[in-house]
Amino acid sequence: MKSARRAIITGASSGIGLATARRLAKSGWELLLIGRNEANLTQLQNELPNHPNIETVITDLNNHWEIESFLEKYLHREKAVSLLINCAGIGYSRAFEEISLKEWNDTFATNVTAPFLLSQGILRHWTAMELRGMVIHIGSIFSLMACSGYAPYIASKHALNGLAKAMAKELRGKGHEVHILYPLSF
């Protein structure tokens, strides 16, 4: 199996995703950056003018149709991708009884469903291109513990932790790696 130095990073317009994009760009990786904030993604491209292999895509990871469209458009045989880093995440700070169903669903769509769909898409890409690859999920310390005021976020990060562990066991035998990181804050 072969490998490529092209990565997809979600949540690349801020926080951990933005920092990761900067670091990989400086290390010579080709990047496909997904984010919601077009101004921040444009600023990142302008920061790295000598790096011609950065492409940015504005995508709403709450919308599975936009994810499917992204996968169809950007994961094709001409450009191999070997690394997917799922950094995008949202969270609401409210008392449990005040959380709306929309907030709950949006949190799970971004923090769990999007990584699930993107991981499935990248696996199909690796299979078609006979590639080895790696998925890195950005969890949270709250993937392992809980506190009050963040129920949807904590529940979604626990779910992402389970997804990452299940993927790691299943894909290990196929030459792929799956990891989850647990930053201390969000």
# chains A, B, ... in the order shown; residues from 1 in each chain; ligands from 1
call {"tool": "residues_around", "arguments": {"residues": "A:Asp60", "least_positions_apart": "4", "cutoff": "12 Å", "atoms": "only C-alpha atoms", "output": "JSON list (two decimals) with N, CA and C atoms, in the first residue's frame"}}
result
[["chain", "number", "residue", "atom", "x", "y", "z"],
["A", 10, "THR", "N", -10.89, 19.31, 9.38],
["A", 10, "THR", "CA", -12.15, 20.00, 9.64],
["A", 10, "THR", "C", -11.94, 20.98, 10.79],
["A", 11, "GLY", "N", -12.80, 21.99, 10.84],
["A", 11, "GLY", "CA", -12.65, 22.98, 11.90],
["A", 11, "GLY", "C", -11.40, 23.82, 11.72],
["A", 34, "ILE", "N", -11.45, 22.47, 5.81],
["A", 34, "ILE", "CA", -12.89, 22.67, 5.92],
["A", 34, "ILE", "C", -13.16, 23.55, 7.12],
["A", 35, "GLY", "N", -13.99, 24.56, 6.92],
["A", 35, "GLY", "CA", -14.37, 25.43, 8.02],
["A", 35, "GLY", "C", -15.63, 26.20, 7.68],
["A", 36, "ARG", "N", -16.15, 26.89, 8.70],
["A", 36, "ARG", "CA", -17.35, 27.71, 8.52],
["A", 36, "ARG", "C", -17.02, 29.18, 8.31],
["A", 37, "ASN", "N", -15.84, 29.60, 8.77],
["A", 37, "ASN", "CA", -15.49, 31.01, 8.75],
["A", 37, "ASN", "C", -14.58, 31.30, 7.55],
["A", 38, "GLU", "N", -15.19, 31.82, 6.49],
["A", 38, "GLU", "CA", -14.46, 32.07, 5.25],
["A", 38, "GLU", "C", -13.33, 33.08, 5.45],
["A", 64, "HIS", "N", -25.66, 16.87, 6.43],
["A", 64, "HIS", "CA", -25.06, 15.67, 5.83],
["A", 64, "HIS", "C", -25.01, 15.75, 4.31],
["A", 65, "TRP", "N", -25.89, 16.52, 3.69],
["A", 65, "TRP", "CA", -25.86, 16.67, 2.23],
["A", 65, "TRP", "C", -24.60, 17.43, 1.81],
["A", 66, "GLU", "N", -24.21, 18.44, 2.58],
["A", 66, "GLU", "CA", -22.99, 19.18, 2.27],
["A", 66, "GLU", "C", -21.76, 18.29, 2.46],
["A", 67, "ILE", "N", -21.79, 17.42, 3.45],
["A", 67, "ILE", "CA", -20.68, 16.49, 3.65],
["A", 67, "ILE", "C", -20.58, 15.54, 2.47],
["A", 68, "GLU", "N", -21.70, 14.97, 2.05],
["A", 68, "GLU", "CA", -21.70, 14.06, 0.90],
["A", 68, "GLU", "C", -21.21, 14.77, -0.35],
["A", 69, "SER", "N", -21.63, 16.01, -0.55],
["A", 69, "SER", "CA", -21.19, 16.80, -1.70],
["A", 69, "SER", "C", -19.68, 17.03, -1.65],
["A", 70, "PHE", "N", -19.17, 17.37, -0.46],
["A", 70, "PHE", "CA", -17.74, 17.55, -0.28],
["A", 70, "PHE", "C", -16.99, 16.27, -0.65],
["A", 88, "ALA", "N", -13.40, 19.80, 13.96],
["A", 88, "ALA", "CA", -14.61, 20.62, 14.12],
["A", 88, "ALA", "C", -15.40, 20.15, 15.33],
["A", 89, "GLY", "N", -15.91, 21.11, 16.07],
["A", 89, "GLY", "CA", -16.72, 20.78, 17.23],
["A", 89, "GLY", "C", -17.49, 22.00, 17.70],
["A", 90, "ILE", "N", -18.66, 21.74, 18.25],
["A", 90, "ILE", "CA", -19.46, 22.82, 18.85],
["A", 90, "ILE", "C", -19.95, 22.36, 20.21],
["A", 106, "ASP", "N", -27.70, 19.59, 16.68],
["A", 106, "ASP", "CA", -26.58, 20.27, 16.03],
["A", 106, "ASP", "C", -25.24, 19.81, 16.62],
["A", 109, "ALA", "N", -24.58, 16.34, 15.31],
["A", 109, "ALA", "CA", -24.30, 16.38, 13.87],
["A", 109, "ALA", "C", -22.85, 16.79, 13.61],
["A", 110, "THR", "N", -22.39, 17.82, 14.31],
["A", 110, "THR", "CA", -21.02, 18.30, 14.10],
["A", 110, "THR", "C", -19.98, 17.41, 14.78],
["A", 114, "ALA", "N", -20.66, 14.06, 11.58],
["A", 114, "ALA", "CA", -19.70, 14.53, 10.56],
["A", 114, "ALA", "C", -18.42, 13.68, 10.57]]
call {"tool": "closest_residue", "arguments": {"among": "A:Arg172, A:Arg6, A:His76, A:Lys165", "to": "A:Arg124", "atoms": "only C-alpha atoms"}}
result
A:His76
call {"tool": "closest_residue", "arguments": {"among": "A:Asn53, A:Asn105, A:Asn86, A:Thr59", "to": "A:Ile9", "atoms": "only C-alpha atoms"}}
result
A:Asn86
call {"tool": "select_by_dssp", "arguments": {"residues": "chain A", "states": "strand (DSSP E or B)", "output": "number ranges by chain"}}
result
A: 2, 6-10, 30-35, 54-58, 83-86, 131, 134-138, 177-181
call {"tool": "residues_around", "arguments": {"residues": "A:Ala164", "least_positions_apart": "3", "cutoff": "9 Å", "atoms": "only C-alpha atoms", "output": "PyMOL selection string"}}
result
chain A and resi 135-137+159-161+167-169+178-180
call {"tool": "atom_distance", "arguments": {"atom1": "atom CA of A:Leu184", "atom2": "atom CA of A:Arg94"}}
result
19.8 Å
call {"tool": "residues_around", "arguments": {"residues": "A:Ser148", "least_positions_apart": "4", "cutoff": "9 Å", "atoms": "only C-alpha atoms", "output": "ChimeraX atom specification"}}
result
/A:93-96
call {"tool": "atom_distance", "arguments": {"atom1": "atom CA of A:Phe142", "atom2": "atom CA of A:Ala21"}}
result
23.5 Å
call {"tool": "atom_distance", "arguments": {"atom1": "atom CA of A:Lys102", "atom2": "atom CA of A:Pro183"}}
result
25.8 Å
call {"tool": "residues_around", "arguments": {"residues": "A:Lys79", "least_positions_apart": "2", "cutoff": "12 Å", "atoms": "only C-alpha atoms", "output": "list of chain:residue names"}}
result
A:Ser3, A:Ala4, A:Arg5, A:Arg6, A:Ala7, A:Ile8, A:Glu30, A:Leu31, A:Leu32, A:Asn53, A:Lys73, A:Tyr74, A:Leu75, A:His76, A:Arg77, A:Val81, A:Ser82, A:His125, A:Trp126, A:Ala128, A:Met129, A:Leu131
